[in-house]
Number of protein chains: 2
Amino acid sequence: MLGRVWRLLVGAPLSTRRARHERLSVLLALPVLTADAISSAAYGPEEMTMVLWAAGEAGLSLAFPISLAIVALLFIVVFSYRQTVYAYPQGGGAFTVAHENLGEFWGLMAAAALLIGYVLTVAVSIAAGVNAMVSAIPALLPYRVLLNVLFIAFMTLINLRGVRESGAVFAPPTYGFVLTFALLILLGLWRGFTGDIDPAPYPPYFGETTTLSFALIVMAFARGCSALTGVEAISNGVQVFKAPESRNAATTLLLLAFILSGLVMGITYTASHFHIVPRVENGEIVETLTSRLARTVLEGTPLEWFYYVVQIATTAILVLAANTAYVDFPRLSSILANARYAPRQLANLGDRLVFNNGILLLGALSALLVIYFRGDTHTLIPLYAVGVFISFTLSQAGMARRFLRVRPPRWQIKMMVNGFGSLVTCIVFLTQLIVNFRYGAWITLVAIGILIYLMYRVHGHYTDIRTQLRPEGYHAPTSPPRHRVLVLVPGVHRGVLNAIDYARQIAPPEHIEALHINVDPRPPAIYRRVLRRTKNEETMLQLVTPAAEKLQREWQHYVPDIPLRIIESEHRSLIEPIEDYIDELIEREQLDQLTVIIPEFYPKRWWHHLLHNQSAWMLRLALMRKPKVVVTTVRYFLER
Amino acid sequence: MLGRVWRLLVGAPLSTRRARHERLSVLLALPVLTADAISSAAYGPEEMTMVLWAAGEAGLSLAFPISLAIVALLFIVVFSYRQTVYAYPQGGGAFTVAHENLGEFWGLMAAAALLIGYVLTVAVSIAAGVNAMVSAIPALLPYRVLLNVLFIAFMTLINLRGVRESGAVFAPPTYGFVLTFALLILLGLWRGFTGDIDPAPYPPYFGETTTLSFALIVMAFARGCSALTGVEAISNGVQVFKAPESRNAATTLLLLAFILSGLVMGITYTASHFHIVPRVENGEIVETLTSRLARTVLEGTPLEWFYYVVQIATTAILVLAANTAYVDFPRLSSILANARYAPRQLANLGDRLVFNNGILLLGALSALLVIYFRGDTHTLIPLYAVGVFISFTLSQAGMARRFLRVRPPRWQIKMMVNGFGSLVTCIVFLTQLIVNFRYGAWITLVAIGILIYLMYRVHGHYTDIRTQLRPEGYHAPTSPPRHRVLVLVPGVHRGVLNAIDYARQIAPPEHIEALHINVDPRPPAIYRRVLRRTKNEETMLQLVTPAAEKLQREWQHYVPDIPLRIIESEHRSLIEPIEDYIDELIEREQLDQLTVIIPEFYPKRWWHHLLHNQSAWMLRLALMRKPKVVVTTVRYFLER
């Protein structure tokens with residue numbers, strides 16, 4: 001029944017032969033690979049503004065200059081990555097590059113930072129997308145967390161079905177978002193220069209104000225750097241491009257740099273020109289910066305309906321950004337699992353050609369994050385950027401090391417480009433760590449540390465198992481092993497007789513015995529009388545109760561050739577006396593192997609299972625820890 | 001590990017021989033059997049007051065007269081039950097009496113009403129106990145629900161350890177409560193008559209006020225009848241008394257009637273004299289009526305510290321009242337389970353001589369109730385009383401019917417007493433149902449209906465299984481059945497070779513075969529080349545990939561005498577191809593029985609289990625539904 005629900009949700013299985021890749025032109029690959037990066041423009045400037053706002057107008061007047069610094073950083077990162085896509089035409093994610101060039105430890109650190117980054121990508125993107133919705137429809141505000149969870153559930157579901165990362169699906173929302181905001185910014189600039197709108201004074205800061213300080217500026221820069229998240233996706237997906245793959249990828253990187261910097265600068269400039277800040281209630285953003293911006297720019301024009309286009313485009317690209325993580329997280333974890341750094345379950349390609357377990361894990365973790373942080377992007381961002389800059393740094397450092405090793409033509413310049421990129425991103429990482437440490441960056445750092453430790457442990461375990469299981473030196477046993485069969489007998493009924501029939505097939509009758517444990521808690525009258533007479537506990541427990549006597553008689557009638565042993569259970573427990581008897585039997589008969597047969601009946605309807613003693617299940621669990629014992633359940637199928 | 005935690009919490013197992021009963025004198029049995037009933041005085045008058053308050057002073061002036069009606073009802077019920085304890089010296093709970101005298105349906109209805117009543121007893125008593133605490137320490141108010149859950153968890157735990165219902169434990173809180181309130185009431189009466197305290201005017205009603213109407217009076221009476229809950233416990237526990245059991249039980253019933261009526265009348269009278277109502281905030285009681293009463297009476301005297309004694313005594317008796325349900329619920333469900341009306345798991349006497357599953361079930365259900373109703377007695381009471389009066393009615397009706405049938409001396413008068421009792425409680429039940437219907441009584445009614453239906457279904461199922469499993473007419477198969485062994489092979493390693501060794505013990509080599517499913521999702525180059533050349537899908541799937549060829553070679557080296565079949569899985573799933581092959585094998589070889597051996601390795605540490613494919617587990621689940629197939633897991637124990 002569960003299987004049918006699953007099929008209905010995720011669809012019929014797909015054949016392995018369907019696993020093909022489309023090759024995309026630059027114009028179609030751009031939306032697929034950059035939705036994540038471009039969508040960061042929806043929250044990067046906002047985060048910067050939230051920090052500067054604390055210092056009032058003096059602080060906010062620095063927003064645009066700081067955005068220029070962020071853009072400069074973006075170009076440095078992009079030029080670094082352009083060299084990566086040439087060096088790794090098969091795709092060079094941070095894990096691959098760092099692992100290959102810097103060694104296992106740095107590779108695992110990059111992998112850990114990326115995995116955590118993907119979880120945060122989903123959480124932040126979905127939270128920001130929901131914020132865009134809530135800004136447009138304030139009635140949804142009380143359901144923010146619920147909406148976040150529903151979006152994540154939806155993304156998980158469609159990714160379990162298998163989403164083709166097709167240009168046709170990604171192009172409209174991505175280009176739509178870019179065009180919409182280009183229009184909005186241009187209109188804003190025009191209305192600003194013509195003096196059509198008078199900037200209102202800044203609303204007061206929602207918290208405790210502070211004076212403008214260097215620390216505040218650094219923090220604003222660090223938070224604003226969240227606009228750079230997602231840039232690495234292109235280096236991961238080089239093989240998606242049509243030939244010449246590397247050149248097309250490099251072109252796309254440059255295009256991304258221009259688009260993203262245009263958006264970041266444009267949004268920051270117009271927002272500070274009109275004195276726009278997010279609307280905050282009770283310390284939480286209830287209307288985003290871009291929503292306020294759109295309302296202000298469009299107010300009083302015949303284009304007011306365009307506001308809804310802006311919000312829909314924003315939500316759409318943010319949801320796509322989350323989708324990028326849904327593709328990359330399971331892919332990276334399957335690479336790690338195949339390299340034996342992660343549990344094998346993550347390596348299984350499901351029957352819809354997607355890595356089910358990775359998708360489910362990502363969905364669960366990001367849902368926990370949005371629930372815990374109540375869908376608040378502002379508190380999630382400090383956790384996010386720090387991990388992204390670790391992978392930037394390691395990826396560039398790996399490239400620099402590679403140029404030093406491989407020494408292609410003009411390697412000195414190339415090495416310097418990546419070396420410089422690595423240095424700059426490392427400085428930004430340290431900045432992020434320091435200013436955001438107590439706002440959550442420590443969580444990411446601790447999580448990365450734990451993840452690296454776990455990956456090492458898992459790798460050690462798998463390597464160890466491999467050694468232990470090696471078949472070399474195996475020889476079949478020379479003398480026939482001593483094997484006996486023990487049938488557990490709850491009573492004389494069809495299910496038990498069926499189990500005896502089975503036992504006869506796997507061993508001769510003289511190697512079979514039966515065992516019954518009497519757990520009846522009510523000592524019958526005769527038993528109590530004996531109890532009063534004898535003081536010797538041992539004697540008493542050996543006594544056979546009338547119920548046991550009746551069972552023995554019945555047994556003799558149906559199975560005369562196999563002995564039944566009856567043991568009284570002093571504590572009414574079933575499992576311990578069986579375990580004790582098995583140990584004794586193996587010892588006494590010097591057995592190499594004992595098959596324990598547990599008879600069960602298999603009811604017709606699923607709810608009937610609930611009505612039968614779960615003792616067979618508990619028994620299996622207890623006996624499976626015993627060496628030399630093989631547990632076999634023989635089922636008798638009921639007809640109605 | 002889990003087992004060790006369990007032992008630490010519940011203690012070492014107890015021998016069956018420890019299951020003895022103490023016999024108690026009237027003075028010691030009274031607290032054990034009446035704590036539940038007496039504690040009802042803590043919430044009964046309060047509930048009545050809450051209703052009358054809506055009609056202001058006019059309404060509240062009727063509190064005392066209505067309490068007289070409740071006391072009259074109490075005496076009618078008690079006189080009825082006095083006849084029950086004489087007729088059933090072994091204990092005559094409502095289920096026993098109704099089942100024996102009115103038949104299966106009414107018996108089950110009484111059982112359902114009782115079971116639900118016990119769950120509500122725990123919920124209401126614990127909630128009222130927590131209210132008493134919160135009244136004394138208002139700082140605890142925000143943690144009300146948490147406190148409720150903690151109390152229930154605590155009660156569940158100590159009952160899993162096994163609580164002796166000893167008079168020594170129950171006497172101090174029960175008598176303490178009675179004495180404390182007797183003192184409080186007497187002091188109140190004295191200060192009232194001497195005019196020492198001036199009654200303040202009533203505080204305004206927290207909700208919408210109404211005028212005094214007949215409906216309101218009836219509702220106040222109905223809610224006040226919650227003071228009668230728990231009276232039936234004595235009839236259940238007749239065997240607890242020293243001889244003469246029945247007479248002692250009857251005496252105790254009469255004592256209970258006097259004590260409880262004294263408390264109800266006393267509390268109601270003094271409360272209305274001093275114009276005391278509970279303190280309500282946001283529609284929820286934040287200070288109970290008895291707490292307000294104690295504060296008022298003790299205010300300005302040197303006895304102010306006595307207030308805390310009152311609150312502690314109230315909490316203590318309410319917790320004991322919940323304990324009564326913890327004893328009776330598992331006992332009744334085990335009786336039902338032994339009569340095959342409830343799942344068998346409820347009949348198992350655990351190794352601490354208590355019915356573990358019943359205790360856990362009661363704890364879970366009552367915890368859900370207090371969480372859902374946020375520990376608010378006022379909303380729980382309407383669900384509670386209606387069930388209690390169903391069992392009162394059925395128990396008395398059963399007695400009346402019994403006298404008609406058995407006809408002991410003076411049966412006419414006895415029958416009339418019970419008949420009258422039954423009639424009155426039935427009228428009260430109908431009243432409860434009507435006035436409380438939309439306040440939650442419908443929930444109880446629906447739950448009782450569902451429970452009756454389930455009990456019938458469960459009974460039908462067990463009876464059916466019994467018939468199907470009857471061994472009569474069984475004959476051992478005459479010709480030796482056709483049996484084969486199939487070993488599933490994930491690869492060639494020690495675990496698999498170990499499984500092959502086992503297979504050789506249960507069948508000759510010519511009856512064994514091995515099966516490998518190739519789920520490798522990446523078609524290797526050679527395979528793809530072939531794919532391009534041939535259009536025939538069937539041919540393609542028959543092709544053996546290089547990986548499979550290598551496996552086959554290795555297999556031949558280690559296990560030359562058993563054939564290995566390799567099947568390519570088109571959808572990368574493991575289970576379906578195995579199922580298909582098994583079906584085909586059974587069909588082809590006309591098998592009567594097929595043993596499927598699943599090799600597994602058993603890691604040393606528990607967390608290692610998480611790192612291995614759960615496919616063996618999924619396979620067992622899938623194959624266990626197949627008739628003729630016996631699944632055997634052969635474990636290879638890893639050394640480190």
# chains A, B, ... in the order shown; residues from 1 in each chain; ligands from 1
>>> select_by_dssp(residues="region 429-516 of chain B", states="strand (DSSP E)", output="list in words")
His483, Arg484, Val485, Leu486, Val487, Leu488, Ile512, Glu513, Ala514, Leu515 and His516 of chain B
>>> write_last_selection(atoms="N, CA and C atoms", output="PDB file, in the first residue's frame")
ATOM      1  N   HIS B 483      12.373 -29.033  -2.590  1.00  0.00           N
ATOM      2  CA  HIS B 483      12.963 -27.891  -1.875  1.00  0.00           C
ATOM      3  C   HIS B 483      14.265 -27.475  -2.558  1.00  0.00           C
ATOM      4  N   ARG B 484      14.437 -26.162  -2.778  1.00  0.00           N
ATOM      5  CA  ARG B 484      15.683 -25.658  -3.344  1.00  0.00           C
ATOM      6  C   ARG B 484      16.184 -24.499  -2.475  1.00  0.00           C
ATOM      7  N   VAL B 485      17.454 -24.187  -2.618  1.00  0.00           N
ATOM      8  CA  VAL B 485      18.047 -23.075  -1.875  1.00  0.00           C
ATOM      9  C   VAL B 485      18.611 -22.064  -2.861  1.00  0.00           C
ATOM     10  N   LEU B 486      18.278 -20.801  -2.647  1.00  0.00           N
ATOM     11  CA  LEU B 486      18.791 -19.730  -3.511  1.00  0.00           C
ATOM     12  C   LEU B 486      19.601 -18.776  -2.636  1.00  0.00           C
ATOM     13  N   VAL B 487      20.875 -18.606  -2.977  1.00  0.00           N
ATOM     14  CA  VAL B 487      21.722 -17.688  -2.203  1.00  0.00           C
ATOM     15  C   VAL B 487      21.861 -16.385  -2.984  1.00  0.00           C
ATOM     16  N   LEU B 488      21.526 -15.277  -2.362  1.00  0.00           N
ATOM     17  CA  LEU B 488      21.680 -13.983  -3.022  1.00  0.00           C
ATOM     18  C   LEU B 488      23.113 -13.501  -2.839  1.00  0.00           C
ATOM     19  N   ILE B 512      21.263 -26.188  -4.817  1.00  0.00           N
ATOM     20  CA  ILE B 512      21.567 -24.800  -4.444  1.00  0.00           C
ATOM     21  C   ILE B 512      21.895 -24.016  -5.705  1.00  0.00           C
ATOM     22  N   GLU B 513      21.400 -22.781  -5.800  1.00  0.00           N
ATOM     23  CA  GLU B 513      21.943 -21.894  -6.823  1.00  0.00           C
ATOM     24  C   GLU B 513      22.142 -20.500  -6.261  1.00  0.00           C
ATOM     25  N   ALA B 514      22.903 -19.681  -7.013  1.00  0.00           N
ATOM     26  CA  ALA B 514      23.231 -18.343  -6.537  1.00  0.00           C
ATOM     27  C   ALA B 514      22.741 -17.320  -7.548  1.00  0.00           C
ATOM     28  N   LEU B 515      22.415 -16.129  -7.061  1.00  0.00           N
ATOM     29  CA  LEU B 515      21.857 -15.094  -7.929  1.00  0.00           C
ATOM     30  C   LEU B 515      22.501 -13.749  -7.610  1.00  0.00           C
ATOM     31  N   HIS B 516      22.925 -13.066  -8.664  1.00  0.00           N
ATOM     32  CA  HIS B 516      23.463 -11.711  -8.487  1.00  0.00           C
ATOM     33  C   HIS B 516      22.670 -10.757  -9.382  1.00  0.00           C
TER      34      HIS B 516
END
>>> residues_around(residues="Gly473 (chain B)", least_positions_apart="4", cutoff="12 Å", atoms="only C-alpha atoms", output="list in words")
His493, Arg494, Leu497, His557 and Tyr558 of chain A; Gln468 and Leu469 of chain B
>>> write_last_selection(atoms="C-alpha atoms", output="mmCIF file, in the first residue's frame")
data_model
loop_
_atom_site.group_PDB
_atom_site.id
_atom_site.type_symbol
_atom_site.label_atom_id
_atom_site.label_comp_id
_atom_site.auth_asym_id
_atom_site.auth_seq_id
_atom_site.Cartn_x
_atom_site.Cartn_y
_atom_site.Cartn_z
ATOM 1 C CA HIS A 493 -1.209 -25.379 15.887
ATOM 2 C CA ARG A 494 -1.011 -25.417 12.095
ATOM 3 C CA LEU A 497 3.280 -28.078 12.355
ATOM 4 C CA HIS A 557 0.170 -37.090 19.206
ATOM 5 C CA TYR A 558 1.128 -34.915 16.232
ATOM 6 C CA GLN B 468 -7.861 -21.706 11.058
ATOM 7 C CA LEU B 469 -4.929 -22.817 13.181
#
>>> residues_around(residues="Leu114 (chain A)", least_positions_apart="6", cutoff="12 Å", atoms="only C-alpha atoms", output="PyMOL selection string")
chain A and resi 93-96+98+107-108+120-121+229-230+232-233+236+325+328-333+336+384-395+444+447-448+451-452
>>> write_last_selection(atoms="C-alpha atoms", output="mmCIF file, in the first residue's frame")
data_model
loop_
_atom_site.group_PDB
_atom_site.id
_atom_site.type_symbol
_atom_site.label_atom_id
_atom_site.label_comp_id
_atom_site.auth_asym_id
_atom_site.auth_seq_id
_atom_site.Cartn_x
_atom_site.Cartn_y
_atom_site.Cartn_z
ATOM 1 C CA GLY A 93 33.723 21.558 -8.068
ATOM 2 C CA ALA A 94 35.583 22.695 -4.970
ATOM 3 C CA PHE A 95 35.749 19.118 -3.661
ATOM 4 C CA THR A 96 37.348 17.761 -6.851
ATOM 5 C CA ALA A 98 40.844 20.666 -3.488
ATOM 6 C CA GLY A 107 39.134 18.058 -0.058
ATOM 7 C CA LEU A 108 36.913 16.852 2.757
ATOM 8 C CA LEU A 120 21.613 26.632 3.671
ATOM 9 C CA THR A 121 21.006 27.510 0.024
ATOM 10 C CA THR A 229 26.669 32.737 -3.047
ATOM 11 C CA GLY A 230 26.037 30.359 -5.916
ATOM 12 C CA GLU A 232 30.634 28.340 -8.024
ATOM 13 C CA ALA A 233 27.802 26.422 -9.722
ATOM 14 C CA ASN A 236 30.587 22.339 -11.343
ATOM 15 C CA ALA A 325 21.000 22.738 -4.401
ATOM 16 C CA ASP A 328 24.090 19.405 -6.452
ATOM 17 C CA PHE A 329 23.711 18.110 -2.887
ATOM 18 C CA PRO A 330 22.662 14.572 -3.870
ATOM 19 C CA ARG A 331 25.296 14.546 -6.635
ATOM 20 C CA LEU A 332 28.119 15.540 -4.299
ATOM 21 C CA SER A 333 26.983 13.131 -1.596
ATOM 22 C CA LEU A 336 31.453 11.067 -1.552
ATOM 23 C CA TYR A 384 25.485 30.737 5.089
ATOM 24 C CA ALA A 385 28.242 32.976 3.735
ATOM 25 C CA VAL A 386 31.035 31.616 5.925
ATOM 26 C CA GLY A 387 30.781 28.132 4.401
ATOM 27 C CA VAL A 388 30.620 29.467 0.860
ATOM 28 C CA PHE A 389 33.852 31.409 1.301
ATOM 29 C CA ILE A 390 35.634 28.327 2.654
ATOM 30 C CA SER A 391 34.894 26.503 -0.567
ATOM 31 C CA PHE A 392 35.883 29.576 -2.673
ATOM 32 C CA THR A 393 39.220 29.739 -0.868
ATOM 33 C CA LEU A 394 39.976 26.025 -1.122
ATOM 34 C CA SER A 395 38.981 25.873 -4.751
ATOM 35 C CA THR A 444 28.626 26.314 10.516
ATOM 36 C CA ALA A 447 29.143 21.493 11.734
ATOM 37 C CA ILE A 448 31.972 21.446 9.179
ATOM 38 C CA LEU A 451 31.258 16.436 9.204
ATOM 39 C CA ILE A 452 34.977 16.127 8.401
#
>>> interface_residues(of="chain A", to="chain B", cutoff="6 Å", atoms="only C-alpha atoms", output="PyMOL selection string")
chain A and resi 14-16+343+345+351+469-471+493-494+506+570-571+611+613+630+632+634
>>> closest_residue(among="B:Ala222, B:Val309, B:Leu146, B:Leu256", to="Phe79 (chain B)", atoms="only C-alpha atoms")
B:Leu256
>>> atom_distance(atom1="CA of Ala171 (chain A)", atom2="CA of Val32 (chain A)")
7.2 Å
